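**Student:** Provided below: my_file_32.txt, containing compact mmCIF, C-alpha atoms.
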```txt
# COMPACT_ATOMS: atom_id res chain seq x y z
CA MET A 900 -83.48 -52.65 -145.80
CA PRO A 901 -79.87 -53.55 -146.53
CA THR A 902 -77.50 -52.65 -143.73
CA ASP A 903 -74.17 -52.37 -145.50
CA HIS A 904 -74.63 -48.61 -145.88
CA LEU A 905 -75.47 -47.90 -142.25
CA ARG A 906 -73.28 -46.35 -139.62
CA PRO A 907 -73.64 -47.80 -136.11
CA PRO A 908 -76.42 -46.06 -134.19
CA LEU A 909 -75.43 -43.35 -131.76
CA PRO A 910 -76.62 -43.57 -128.17
CA HIS A 911 -79.98 -41.96 -127.63
CA GLY A 912 -81.43 -40.01 -124.76
CA PRO A 913 -83.74 -41.61 -122.24
CA ALA A 914 -87.33 -42.15 -123.26
CA PRO A 915 -89.70 -39.50 -121.90
CA ASP A 916 -90.51 -40.24 -118.26
CA PRO A 917 -94.24 -40.17 -117.52
CA ALA A 918 -93.52 -39.45 -113.87
CA ALA A 919 -91.57 -36.34 -114.81
CA ALA A 920 -94.65 -34.85 -116.42
CA GLY A 921 -96.34 -34.30 -113.08
CA GLY A 922 -99.72 -34.91 -114.66
CA ALA A 923 -99.21 -32.25 -117.30
CA HIS A 924 -99.55 -34.88 -120.01
CA HIS A 925 -103.31 -34.75 -119.58
CA ALA A 926 -103.32 -31.07 -120.53
CA ARG A 927 -103.37 -32.18 -124.15
CA HIS A 928 -107.12 -32.44 -123.92
CA ALA A 929 -107.73 -28.99 -122.47
CA GLY A 930 -109.59 -26.36 -124.46
CA PRO A 931 -108.03 -23.17 -125.82
CA ALA A 932 -106.22 -21.04 -123.25
CA VAL A 933 -102.30 -21.06 -127.36
CA SER A 934 -78.91 -28.09 -139.74
CA GLY A 935 -68.47 -34.26 -142.49
CA LEU A 936 -68.46 -30.71 -140.81
CA ALA A 937 -66.39 -29.16 -138.13
CA GLY A 938 -68.23 -28.07 -135.03
CA GLY A 939 -66.58 -24.66 -135.21
CA ASP A 940 -66.34 -22.04 -132.53
CA LEU A 941 -70.04 -22.15 -131.71
CA ARG A 942 -70.74 -20.20 -128.55
CA THR A 943 -74.41 -20.90 -128.05
CA PHE A 944 -74.60 -22.56 -124.67
CA ALA A 945 -76.59 -23.32 -121.53
CA ARG A 946 -76.65 -20.49 -119.01
CA ARG A 947 -73.87 -20.51 -116.42
CA ASP A 948 -76.31 -19.90 -113.59
CA ASP A 949 -77.77 -23.41 -113.79
CA GLY A 950 -75.02 -24.64 -111.48
CA HIS A 951 -73.74 -27.39 -113.75
CA LEU A 952 -71.59 -26.48 -116.72
CA PRO A 953 -70.80 -29.12 -119.32
CA PRO A 954 -68.19 -31.60 -118.03
CA PRO A 955 -64.84 -31.82 -119.82
CA HIS A 956 -65.72 -35.23 -121.23
CA GLY A 957 -68.86 -37.23 -121.90
CA LYS A 958 -72.13 -36.46 -123.57
CA ASP A 959 -71.96 -32.74 -122.85
CA GLY A 960 -68.22 -32.48 -123.48
CA PRO A 961 -66.37 -29.70 -125.30
CA ALA A 962 -67.63 -29.57 -128.86
CA GLY A 963 -69.97 -27.29 -130.73
CA ALA A 964 -71.23 -25.08 -127.94
CA LEU A 965 -69.05 -23.75 -125.15
CA PRO A 966 -69.41 -21.97 -121.82
CA ARG A 967 -69.06 -18.21 -122.02
CA GLY A 968 -65.64 -17.15 -123.32
CA GLY A 969 -64.57 -20.72 -124.16
CA ARG A 970 -62.92 -21.58 -127.47
CA ARG A 971 -61.82 -24.69 -129.25
CA PRO A 972 -60.30 -25.43 -132.64
CA SER A 973 -62.37 -26.53 -135.59
CA GLY A 974 -63.25 -30.19 -135.63
CA GLY A 975 -65.62 -32.07 -133.38
CA GLY A 976 -67.81 -34.19 -135.61
CA GLY A 977 -68.14 -37.90 -135.01
CA ALA A 978 -65.06 -40.02 -134.43
CA ASP A 979 -65.37 -41.39 -137.98
CA GLY A 980 -65.44 -37.92 -139.54
CA SER A 981 -69.23 -37.80 -139.86
CA PRO A 982 -70.95 -34.50 -138.99
CA LEU A 983 -73.28 -36.55 -136.78
CA ARG A 984 -72.25 -36.63 -133.12
CA GLU A 985 -73.67 -36.79 -129.62
CA ALA A 986 -75.50 -33.66 -128.50
CA ARG A 987 -73.33 -31.56 -126.24
CA GLY A 988 -72.69 -28.25 -124.56
CA ARG A 989 -76.25 -26.93 -124.10
CA GLY A 990 -77.57 -29.31 -121.46
CA ASP A 991 -80.22 -30.61 -123.89
CA HIS A 992 -79.18 -34.26 -124.22
CA ALA A 993 -82.43 -35.51 -122.69
CA GLY A 994 -84.74 -32.69 -123.81
CA PRO A 995 -84.70 -28.99 -124.62
CA ASP A 996 -83.01 -26.51 -122.28
CA PHE A 997 -84.31 -23.07 -123.17
CA ARG A 998 -81.63 -21.20 -121.18
CA VAL A 999 -79.22 -20.95 -124.12
CA GLU A 1000 -77.50 -17.61 -124.46
CA VAL A 1001 -77.24 -16.31 -128.00
CA GLY A 1002 -74.46 -13.86 -128.81
CA PRO A 1003 -74.56 -10.91 -131.23
CA ASP A 1004 -75.26 -12.01 -134.81
CA GLY A 1005 -76.43 -15.42 -133.60
CA TYR A 1006 -79.72 -17.28 -133.30
CA ALA A 1007 -81.50 -20.18 -131.67
CA TRP A 1008 -84.81 -21.65 -132.69
CA TRP A 1009 -86.99 -24.56 -131.59
CA TYR A 1010 -89.27 -25.96 -134.30
CA LEU A 1011 -92.15 -28.39 -134.37
CA ASP A 1012 -94.65 -29.42 -136.98
CA GLY A 1013 -97.51 -31.82 -137.37
CA VAL A 1014 -99.81 -33.25 -140.05
CA SER A 1015 -103.30 -34.52 -139.26
CA ASP A 1016 -104.04 -38.21 -139.57
CA ASP A 1017 -106.49 -37.50 -142.39
CA GLY A 1018 -103.90 -35.40 -144.26
CA GLN A 1019 -106.18 -32.35 -144.46
CA ARG A 1020 -104.52 -30.02 -141.94
CA ALA A 1021 -101.05 -29.16 -140.69
CA VAL A 1022 -99.28 -26.84 -138.26
CA SER A 1023 -95.81 -25.47 -137.62
CA VAL A 1024 -94.47 -23.54 -134.62
CA ILE A 1025 -91.05 -21.89 -134.22
CA GLY A 1026 -89.74 -20.16 -131.12
CA PHE A 1027 -86.96 -17.74 -132.15
CA ILE A 1028 -84.25 -15.93 -130.19
CA GLY A 1029 -82.58 -13.82 -132.87
CA SER A 1030 -85.36 -14.24 -135.42
CA VAL A 1031 -83.42 -15.21 -138.54
CA PHE A 1032 -86.13 -14.20 -141.02
CA SER A 1033 -87.08 -10.96 -139.29
CA PRO A 1034 -86.25 -7.83 -141.30
CA TRP A 1035 -86.12 -5.96 -137.99
CA TYR A 1036 -83.26 -8.15 -136.74
CA ALA A 1037 -81.39 -7.58 -140.01
CA TRP A 1038 -81.98 -3.81 -139.96
CA SER A 1039 -80.77 -3.65 -136.34
CA GLY A 1040 -77.35 -4.96 -137.37
CA ARG A 1041 -78.07 -8.21 -135.49
CA ARG A 1042 -76.44 -6.75 -132.37
CA ASN A 1043 -78.95 -8.02 -129.80
CA PRO A 1044 -80.78 -11.26 -130.67
CA GLN A 1045 -82.76 -11.12 -127.42
CA ASN A 1046 -84.38 -7.93 -128.72
CA HIS A 1047 -85.80 -9.83 -131.71
CA VAL A 1048 -87.77 -12.80 -130.43
CA CYS A 1049 -90.85 -14.41 -131.87
CA LEU A 1050 -93.24 -17.33 -131.59
CA ASN A 1051 -94.21 -18.06 -135.19
CA VAL A 1052 -97.38 -20.14 -135.55
CA ALA A 1053 -98.78 -21.23 -138.90
CA THR A 1054 -101.84 -23.39 -139.43
CA TYR A 1055 -102.69 -24.95 -142.78
CA GLY A 1056 -105.92 -26.19 -144.27
CA PRO A 1057 -109.37 -24.60 -143.77
CA GLY A 1058 -109.11 -21.57 -141.50
CA GLY A 1059 -105.33 -21.40 -141.78
CA ARG A 1060 -103.52 -18.45 -140.18
CA PHE A 1061 -99.95 -17.11 -139.96
CA THR A 1062 -98.52 -15.27 -136.94
CA MET A 1063 -94.97 -13.87 -136.65
CA THR A 1064 -94.69 -10.87 -134.34
CA ASP A 1065 -91.16 -9.57 -133.69
CA ARG A 1066 -90.94 -8.67 -129.98
CA GLY A 1067 -88.34 -6.97 -127.77
CA THR A 1068 -86.18 -7.98 -124.83
CA ALA A 1069 -88.93 -7.27 -122.29
CA ALA A 1070 -91.09 -9.97 -123.88
CA LEU A 1071 -88.53 -12.78 -123.36
CA ARG A 1072 -88.28 -15.13 -120.40
CA GLN A 1073 -85.97 -18.15 -120.46
CA GLU A 1074 -86.14 -20.98 -117.95
CA LYS A 1075 -84.75 -24.49 -118.21
CA ASP A 1076 -88.06 -26.03 -119.23
CA THR A 1077 -89.95 -22.97 -120.49
CA LEU A 1078 -89.48 -20.42 -123.25
CA THR A 1079 -91.93 -17.53 -122.88
CA ILE A 1080 -92.22 -14.98 -125.69
CA GLY A 1081 -94.87 -12.36 -125.07
CA PRO A 1082 -98.26 -13.94 -124.36
CA SER A 1083 -97.22 -17.38 -125.66
CA ARG A 1084 -94.85 -20.06 -124.41
CA MET A 1085 -93.22 -23.45 -125.02
CA HIS A 1086 -92.97 -25.75 -122.00
CA TRP A 1087 -91.17 -29.11 -121.72
CA THR A 1088 -92.81 -31.32 -119.08
CA GLY A 1089 -90.27 -34.13 -119.28
CA ARG A 1090 -92.66 -36.07 -121.48
CA ASP A 1091 -94.52 -33.55 -123.66
CA LEU A 1092 -93.73 -30.27 -125.36
CA VAL A 1093 -96.73 -28.04 -124.60
CA ILE A 1094 -97.20 -24.80 -126.55
CA ASP A 1095 -99.74 -22.29 -125.24
CA ILE A 1096 -100.55 -19.76 -127.96
CA ASP A 1097 -102.15 -16.31 -127.83
CA GLU A 1098 -101.13 -14.40 -130.97
CA ILE A 1099 -102.54 -12.11 -133.66
CA SER A 1100 -102.26 -13.33 -137.24
CA SER A 1101 -100.65 -11.33 -140.04
CA PRO A 1102 -102.44 -9.80 -143.04
CA PRO A 1103 -104.52 -10.53 -144.97
CA LEU A 1104 -106.48 -12.59 -142.41
CA ILE A 1105 -106.03 -10.69 -139.14
CA SER A 1106 -107.52 -12.47 -136.14
CA ARG A 1107 -106.55 -13.86 -132.77
CA VAL A 1108 -105.00 -17.35 -132.75
CA ARG A 1109 -105.37 -19.07 -129.39
CA GLY A 1110 -105.14 -22.52 -127.95
CA ARG A 1111 -102.76 -25.32 -127.06
CA ILE A 1112 -100.57 -27.75 -128.99
CA THR A 1113 -99.11 -30.81 -127.28
CA LEU A 1114 -96.37 -32.85 -128.92
CA THR A 1115 -95.44 -36.22 -127.40
CA PRO A 1116 -92.15 -37.72 -128.64
CA SER A 1117 -91.78 -41.48 -128.82
CA ALA A 1118 -88.24 -40.82 -127.50
CA ILE A 1119 -85.57 -38.11 -127.48
CA THR A 1120 -82.49 -38.69 -129.61
CA GLY A 1121 -79.03 -37.95 -128.23
CA VAL A 1122 -77.52 -36.52 -131.41
CA GLU A 1123 -76.83 -33.30 -133.26
CA LEU A 1124 -75.51 -32.49 -136.72
CA ALA A 1125 -72.89 -29.87 -137.60
CA LEU A 1126 -74.46 -28.38 -140.72
CA HIS A 1127 -71.52 -25.97 -141.01
CA PRO A 1128 -68.74 -24.82 -138.65
CA ARG A 1129 -71.10 -22.12 -137.35
CA HIS A 1130 -74.47 -23.87 -137.48
CA GLN A 1131 -75.92 -26.90 -135.69
CA TRP A 1132 -79.11 -28.92 -136.00
CA ARG A 1133 -80.50 -30.81 -133.01
CA PRO A 1134 -83.21 -33.33 -134.05
CA PHE A 1135 -84.88 -33.95 -130.71
CA ALA A 1136 -87.84 -36.07 -131.82
CA PRO A 1137 -88.29 -37.06 -135.48
CA THR A 1138 -91.05 -39.44 -134.37
CA ALA A 1139 -93.87 -38.00 -132.28
CA ARG A 1140 -97.61 -37.61 -131.95
CA ILE A 1141 -99.25 -34.19 -131.91
CA ASP A 1142 -102.55 -32.94 -130.47
CA VAL A 1143 -103.76 -29.57 -131.80
CA ASN A 1144 -106.53 -27.56 -130.16
CA LEU A 1145 -106.58 -24.07 -131.69
CA THR A 1146 -109.09 -21.50 -132.85
CA GLN A 1147 -110.34 -21.38 -136.45
CA GLY A 1148 -111.42 -25.02 -136.17
CA HIS A 1149 -107.96 -26.55 -135.85
CA ARG A 1150 -108.70 -29.44 -133.53
CA TRP A 1151 -107.01 -32.63 -134.65
CA GLN A 1152 -104.34 -35.25 -133.97
CA GLY A 1153 -101.57 -36.54 -136.19
CA HIS A 1154 -97.87 -37.30 -136.59
CA GLY A 1155 -95.38 -34.71 -135.37
CA TYR A 1156 -91.73 -33.69 -135.26
CA PHE A 1157 -89.48 -31.55 -133.00
CA ASP A 1158 -85.98 -30.11 -133.54
CA ALA A 1159 -83.80 -27.05 -132.87
CA ASN A 1160 -81.13 -25.06 -134.73
CA PHE A 1161 -78.33 -22.94 -133.28
CA GLY A 1162 -75.81 -20.65 -134.95
CA THR A 1163 -73.41 -17.79 -134.40
CA THR A 1164 -73.98 -15.86 -137.62
CA ALA A 1165 -76.66 -15.16 -140.23
CA LEU A 1166 -77.82 -18.11 -142.32
CA GLU A 1167 -77.41 -16.13 -145.54
CA ARG A 1168 -73.75 -15.50 -144.73
CA ASP A 1169 -72.87 -19.20 -144.85
CA PHE A 1170 -75.54 -20.85 -147.04
CA ASP A 1171 -76.90 -20.30 -150.54
CA PHE A 1172 -79.60 -22.96 -150.50
CA TRP A 1173 -80.87 -25.89 -148.50
CA THR A 1174 -83.65 -28.42 -148.50
CA TRP A 1175 -84.84 -30.33 -145.48
CA GLY A 1176 -87.46 -33.00 -145.05
CA ARG A 1177 -88.77 -35.35 -142.40
CA PHE A 1178 -90.58 -38.44 -143.60
CA PRO A 1179 -92.36 -41.00 -141.38
CA MET A 1180 -91.65 -44.56 -142.46
CA LYS A 1181 -93.18 -47.87 -141.44
CA ASP A 1182 -90.82 -48.51 -138.51
CA ARG A 1183 -88.67 -45.36 -138.37
CA ALA A 1184 -88.38 -41.76 -139.56
CA LEU A 1185 -85.99 -40.44 -142.20
CA CYS A 1186 -84.67 -36.87 -141.99
CA LEU A 1187 -82.93 -35.31 -145.00
CA TYR A 1188 -80.74 -32.19 -144.90
CA ASP A 1189 -79.05 -31.14 -148.16
CA ALA A 1190 -77.20 -27.82 -148.20
CA THR A 1191 -75.14 -25.65 -150.52
CA TRP A 1192 -72.71 -23.42 -148.66
CA ALA A 1193 -72.03 -19.87 -149.81
CA ASP A 1194 -68.62 -21.02 -151.12
CA GLY A 1195 -70.30 -23.65 -153.32
CA THR A 1196 -69.60 -26.67 -151.08
CA GLN A 1197 -72.35 -29.30 -151.29
CA ARG A 1198 -73.36 -31.26 -148.19
CA ASP A 1199 -75.94 -34.06 -148.25
CA PHE A 1200 -77.09 -35.84 -145.13
CA ALA A 1201 -79.69 -38.48 -144.23
CA LEU A 1202 -80.57 -39.52 -140.68
CA GLU A 1203 -82.64 -42.55 -139.76
CA VAL A 1204 -84.29 -42.53 -136.34
CA THR A 1205 -86.16 -45.40 -134.69
CA PRO A 1206 -89.15 -44.90 -132.38
CA SER A 1207 -86.82 -45.67 -129.44
CA GLY A 1208 -84.60 -42.72 -130.39
CA GLU A 1209 -81.64 -44.56 -131.93
CA ALA A 1210 -80.16 -42.47 -134.75
CA ARG A 1211 -77.77 -43.37 -137.54
CA GLU A 1212 -76.54 -41.87 -140.76
CA VAL A 1213 -77.73 -43.71 -143.86
CA THR A 1214 -77.20 -43.45 -147.59
CA ALA A 1215 -80.43 -42.11 -149.05
CA PRO A 1216 -81.53 -42.16 -152.70
CA PRO A 1217 -80.31 -39.34 -154.95
CA ARG A 1218 -81.52 -35.73 -154.99
CA THR A 1219 -84.50 -35.43 -157.30
CA GLN A 1220 -86.07 -32.16 -158.41
CA PHE A 1221 -89.81 -31.62 -158.49
CA ALA A 1222 -92.16 -28.76 -159.35
CA ARG A 1223 -91.13 -25.24 -158.38
CA THR A 1224 -93.37 -23.17 -156.14
CA ASN A 1225 -95.65 -20.33 -157.21
CA TRP A 1226 -92.69 -18.01 -156.46
CA LEU A 1227 -90.48 -20.31 -158.59
CA VAL A 1228 -88.39 -21.44 -155.64
CA ARG A 1229 -86.41 -24.52 -156.71
CA ARG A 1230 -87.37 -27.70 -154.87
CA GLU A 1231 -85.71 -31.07 -154.57
CA THR A 1232 -85.60 -33.97 -152.15
CA ARG A 1233 -84.51 -37.59 -152.22
CA ALA A 1234 -86.39 -40.21 -154.24
CA ASP A 1235 -85.80 -43.74 -155.46
CA PRO A 1236 -84.62 -43.85 -159.10
CA GLY A 1237 -87.52 -43.69 -161.52
CA THR A 1238 -89.85 -41.84 -159.14
CA ARG A 1239 -90.54 -38.13 -158.76
CA PRO A 1240 -91.66 -36.36 -155.57
CA ARG A 1241 -94.90 -34.38 -155.65
CA GLN A 1242 -96.59 -31.83 -153.43
CA ILE A 1243 -99.62 -33.08 -151.53
CA MET A 1244 -100.48 -30.01 -149.44
CA PRO A 1245 -99.14 -26.45 -149.74
CA MET A 1246 -98.10 -24.98 -146.41
CA LEU A 1247 -95.95 -21.85 -146.72
CA ASP A 1248 -95.10 -20.26 -150.08
CA ALA A 1249 -92.81 -17.20 -149.90
CA PRO A 1250 -90.42 -15.55 -152.40
CA PHE A 1251 -87.43 -17.29 -150.78
CA TYR A 1252 -88.98 -20.18 -148.87
CA SER A 1253 -91.34 -23.12 -149.28
CA ARG A 1254 -92.87 -25.54 -146.81
CA SER A 1255 -95.24 -28.27 -147.96
CA VAL A 1256 -96.36 -31.84 -147.44
CA VAL A 1257 -94.55 -33.88 -150.09
CA GLU A 1258 -94.93 -37.47 -151.21
CA THR A 1259 -91.84 -39.36 -152.30
CA ARG A 1260 -90.52 -42.92 -152.43
CA LEU A 1261 -87.54 -43.75 -150.24
CA MET A 1262 -85.82 -47.13 -150.02
CA GLY A 1263 -88.83 -48.85 -151.56
CA GLU A 1264 -91.42 -47.18 -149.32
CA THR A 1265 -93.87 -44.45 -150.35
CA THR A 1266 -94.18 -41.78 -147.68
CA GLN A 1267 -95.65 -38.32 -147.12
CA GLY A 1268 -93.76 -35.85 -144.94
CA VAL A 1269 -92.97 -32.20 -144.36
CA HIS A 1270 -90.46 -30.60 -146.75
CA GLU A 1271 -88.84 -27.18 -146.92
CA ALA A 1272 -86.70 -25.37 -149.48
CA LEU A 1273 -84.80 -22.22 -148.50
CA ASP A 1274 -83.19 -19.97 -151.14
CA LEU A 1275 -80.85 -17.67 -149.26
CA THR A 1276 -79.53 -16.01 -152.42
CA ARG A 1277 -83.01 -14.52 -152.70
CA PHE A 1278 -83.21 -13.72 -149.00
CA ARG A 1279 -80.06 -11.58 -149.31
CA GLN A 1280 -81.80 -9.19 -151.69
CA PRO A 1281 -82.48 -5.82 -149.96
CA LEU A 1282 -85.89 -5.35 -151.59
CA LEU A 1283 -87.21 -8.45 -149.85
CA LYS A 1284 -86.96 -7.01 -146.34
CA PRO A 1285 -89.73 -4.38 -146.72
CA MET A 1286 -92.02 -7.08 -148.11
CA LEU A 1287 -91.35 -9.24 -145.06
CA ALA A 1288 -92.10 -6.38 -142.69
CA VAL A 1289 -95.75 -6.52 -143.75
CA ARG A 1290 -96.00 -10.11 -142.53
CA VAL A 1291 -93.66 -9.68 -139.56
CA PRO A 1292 -94.86 -6.70 -137.49
CA ARG A 1293 -92.62 -5.24 -134.79
CA ARG A 1294 -94.07 -4.90 -131.28
CA SER A 1295 -91.11 -3.83 -129.14
CA GLY A 1296 -93.15 -2.41 -126.27
CA TRP A 1297 -94.82 -5.61 -125.05
CA THR A 1298 -94.10 -6.34 -121.36
CA PHE A 1299 -95.28 -8.89 -118.83
```
Could the structure of this file be written out as structure tokens, please?
**Tutor:**
Amino acid sequence: MPTDHLRPPLPHGPAPDPAAAGGAHHARHAGPAVSGLAGGDLRTFARRDDGHLPPPHGKDGPAGALPRGGRRPSGGGGADGSPLREARGRGDHAGPDFRVEVGPDGYAWWYLDGVSDDGQRAVSVIGFIGSVFSPWYAWSGRRNPQNHVCLNVATYGPGGRFTMTDRGTAALRQEKDTLTIGPSRMHWTGRDLVIDIDEISSPPLISRVRGRITLTPSAITGVELALHPRHQWRPFAPTARIDVNLTQGHRWQGHGYFDANFGTTALERDFDFWTWGRFPMKDRALCLYDATWADGTQRDFALEVTPSGEAREVTAPPRTQFARTNWLVRRETRADPGTRPRQIMPMLDAPFYSRSVVETRLMGETTQGVHEALDLTRFRQPLLKPMLAVRVPRRSGWTF
């Protein structure tokens, strides 16, 4: 691939340390048990009680996220004006730190997905604090994000299920390496991200979804992207392997992905539309994030990540539209001139949102990856919230 369009790679985090796993890596085989932007005044940060606040300079220096009460002026992308910069302010340079505090109107989520090696099944998991797509959080006035938490699990292919229960403050526990939401949890071992799941799926197929998912990154990147002055994307591991062992016959291995998003206000306040995609390539992964702000500003971004975790901004092929969803949500991603992306596997199809496995051609290489399209002009419509409440039940009384 020509290199004249590449930015120098940013430093990456240390590769996962097998010794840090304490043997937990072998739990993968156990049976079922379960986005050139300013950094803005983004006050989503690691808890103060961890005993080590971000230093004034260095990889966790003052940009993006701040200790409680801290402020800084807009700015804070890369030194060359790129929105890509070193991860900072949350203590998650080498892996997730689930102790982030989310202020009123804000959110944090940790996302992973995987596609089976045979291409027949897929999974996605999102741990939310301030569940951005919950009608209950919107109806509450978004005053207390910790009172609207959720572990969303969706499996695709035969026996697919969807779970998204909105839970209250009593169902949330945050520790450095563990996010517990109700009966389910995400745990970072230092090498693997282990998700233990015990949830009830939403209508029309109501059943218990139990088991374990283990995602093993090839490395952890050291970067984040300022999608907007009030929103950040942290691509922890664009290259990973995933082991799925869930009910309904979902037992498989494949390629995986892990990231997080943080913000201080509602997505629909600052964005009209975005598309995202992560595409495994022969010797790297390519992540695409194209957004339209609410004021009409267009932002396109492409990130190339090597298996060792080095990340750099690249110039990707142009945006190319492909078939709309059953709900007529517009879809586009990048594709080499003369080629058109196509859907390989439907995943999630909602009135304002689409997730699917998509095939496209990028920089001369045909690849299949996970793609999403999010239409926030639709999500703003008041009539949509009651529809969502059917799929997102509220269970505020759950306690440990």
**Student:** Each residue of segment 1110-1224 of chain A lying at most 9 Å from segment 1010-1032 of chain A should get a row with its shortest atom-to-atom pair and the distance in Å to one decimal, counting all atoms listed in the file; could you produce that, ordered by chain and increasing number, as a Markdown table?
**Tutor:**
```
| residue | atom | partner | partner_atom | distance |
| --- | --- | --- | --- | --- |
| A:Leu1114 | CA | A:Leu1011 | CA | 8.2 |
| A:Ala1139 | CA | A:Gly1013 | CA | 8.8 |
| A:Arg1140 | CA | A:Gly1013 | CA | 7.9 |
| A:Ile1141 | CA | A:Gly1013 | CA | 6.2 |
| A:Asp1142 | CA | A:Gly1013 | CA | 8.6 |
| A:Val1143 | CA | A:Val1022 | CA | 8.3 |
| A:His1149 | CA | A:Arg1020 | CA | 7.8 |
| A:Trp1151 | CA | A:Ser1015 | CA | 6.2 |
| A:Gln1152 | CA | A:Ser1015 | CA | 5.4 |
| A:Gly1153 | CA | A:Ser1015 | CA | 4.1 |
| A:His1154 | CA | A:Gly1013 | CA | 5.5 |
| A:Gly1155 | CA | A:Gly1013 | CA | 4.1 |
| A:Tyr1156 | CA | A:Leu1011 | CA | 5.4 |
| A:Phe1157 | CA | A:Leu1011 | CA | 4.4 |
| A:Asp1158 | CA | A:Tyr1010 | CA | 5.4 |
| A:Ala1159 | CA | A:Tyr1010 | CA | 5.8 |
| A:Asn1160 | CA | A:Tyr1010 | CA | 8.2 |
| A:Ala1165 | CA | A:Val1031 | CA | 7.0 |
| A:Leu1166 | CA | A:Val1031 | CA | 7.4 |
```
**Student:** Print the selection's residues with C-alpha atoms to a file, as a PDB file, in the coordinates of the input.
**Tutor:**
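Below is the file that was written, out39.pdb:
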```pdb
ATOM      1  CA  LEU A1114     -96.370 -32.850-128.920  1.00  0.00           C
ATOM      2  CA  ALA A1139     -93.870 -38.000-132.280  1.00  0.00           C
ATOM      3  CA  ARG A1140     -97.610 -37.610-131.950  1.00  0.00           C
ATOM      4  CA  ILE A1141     -99.250 -34.190-131.910  1.00  0.00           C
ATOM      5  CA  ASP A1142    -102.550 -32.940-130.470  1.00  0.00           C
ATOM      6  CA  VAL A1143    -103.760 -29.570-131.800  1.00  0.00           C
ATOM      7  CA  HIS A1149    -107.960 -26.550-135.850  1.00  0.00           C
ATOM      8  CA  TRP A1151    -107.010 -32.630-134.650  1.00  0.00           C
ATOM      9  CA  GLN A1152    -104.340 -35.250-133.970  1.00  0.00           C
ATOM     10  CA  GLY A1153    -101.570 -36.540-136.190  1.00  0.00           C
ATOM     11  CA  HIS A1154     -97.870 -37.300-136.590  1.00  0.00           C
ATOM     12  CA  GLY A1155     -95.380 -34.710-135.370  1.00  0.00           C
ATOM     13  CA  TYR A1156     -91.730 -33.690-135.260  1.00  0.00           C
ATOM     14  CA  PHE A1157     -89.480 -31.550-133.000  1.00  0.00           C
ATOM     15  CA  ASP A1158     -85.980 -30.110-133.540  1.00  0.00           C
ATOM     16  CA  ALA A1159     -83.800 -27.050-132.870  1.00  0.00           C
ATOM     17  CA  ASN A1160     -81.130 -25.060-134.730  1.00  0.00           C
ATOM     18  CA  ALA A1165     -76.660 -15.160-140.230  1.00  0.00           C
ATOM     19  CA  LEU A1166     -77.820 -18.110-142.320  1.00  0.00           C
TER      20      LEU A1166
END
```
**Student:** Near segment 1262-1272 of chain A, counting all atoms listed in the file, which residues have an atom at most 9 Å away, once you skip same-chain residues fewer than 3 positions from it, shown as a ChimeraX atom specification?
**Tutor:** /A:900,1012-1014,1172-1181,1215-1216,1228-1232,1234-1235,1243,1247,1251-1259
**Student:** So that I can check the surroundings of segment 1275-1283 of chain A, please list as a list of chain:residue names every protein, DNA and RNA residue that reaches within 7 Å of it, counting all atoms listed in the file and ignoring chain neighbours fewer than 3 positions away.
**Tutor:**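 These residues fall inside the cut-off: A:Glu1167, A:Phe1170, A:Asp1171, A:Phe1172, A:Phe1251, A:Met1286, A:Leu1287.
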**Student:** Suppose you want the space between atom CA of Asp1076 of chain A and atom CA of Thr1088 of chain A; what is it in Å?
**Tutor:**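 Computed distance, atom CA of Asp1076 of chain A to atom CA of Thr1088 of chain A, equals 7.1 Å.
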**Student:** Using only C-alpha atoms, what residues lie at most 7 Å away from (-92.7, -6.0, -136.7) (file coordinates), given as a list in words?
**Tutor:**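 Checked against the point, the hits come out as Trp1035, Thr1064, Asp1065, Ala1288, Val1291, Pro1292, Arg1293 and Arg1294 of chain A.
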**Student:** Find the distance between atom CA of Phe1135 of chain A and atom CA of Ile1112 of chain A and write it in Å to one decimal.
**Tutor:**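 The value is 17.0 Å.
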**Student:** Could you tell me how far atom CA of His1047 of chain A sits from atom CA of Arg1066 of chain A, in Å to one decimal place?
**Tutor:**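 One can read the atom CA of Arg1066 of chain A to atom CA of His1047 of chain A distance as 5.5 Å.
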**Student:** For each of A:Ser1295, A:Ser1083, A:Gln1147, A:Ser1207, take the minimum atom-to-atom distance to Pro1057 of chain A, counting only C-alpha atoms, then give the residue where this is smallest.
**Tutor:**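 For Pro1057 of chain A, the nearest of the candidates is A:Gln1147.
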**Student:** For Ile1094 of chain A, which residue out of A:Pro1240, A:Pro1250, A:Gly1110, A:Gly1081 is the nearest one, using only C-alpha atoms?
**Tutor:**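 The answer is A:Gly1110, which sits nearest to Ile1094 of chain A.
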**Student:** Between A:Leu1124, A:Val1052, A:Ala1190, A:Leu1227, which is the closest to Ser981 of chain A once you count only C-alpha atoms?
**Tutor:** A:Leu1124
**Student:** Using only C-alpha atoms for the distances, tell me which of A:Phe1299, A:Pro1285, A:Asn1051, A:Arg1129 is nearest to Asp1004 of chain A.
**Tutor:**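 Among the listed residues, A:Arg1129 lies closest to Asp1004 of chain A.
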**Student:** Would you list the residues near (-93.6, -7.3, -115.4) (no more than 10 Å away, in the coordinates of the file, using all atoms listed in the file) as a PDB file with C-alpha atoms, in the coordinates of the input?
**Tutor:**
```
ATOM      1  CA  ALA A1069     -88.930  -7.270-122.290  1.00  0.00           C
ATOM      2  CA  ALA A1070     -91.090  -9.970-123.880  1.00  0.00           C
ATOM      3  CA  TRP A1297     -94.820  -5.610-125.050  1.00  0.00           C
ATOM      4  CA  THR A1298     -94.100  -6.340-121.360  1.00  0.00           C
ATOM      5  CA  PHE A1299     -95.280  -8.890-118.830  1.00  0.00           C
TER       6      PHE A1299
END
```
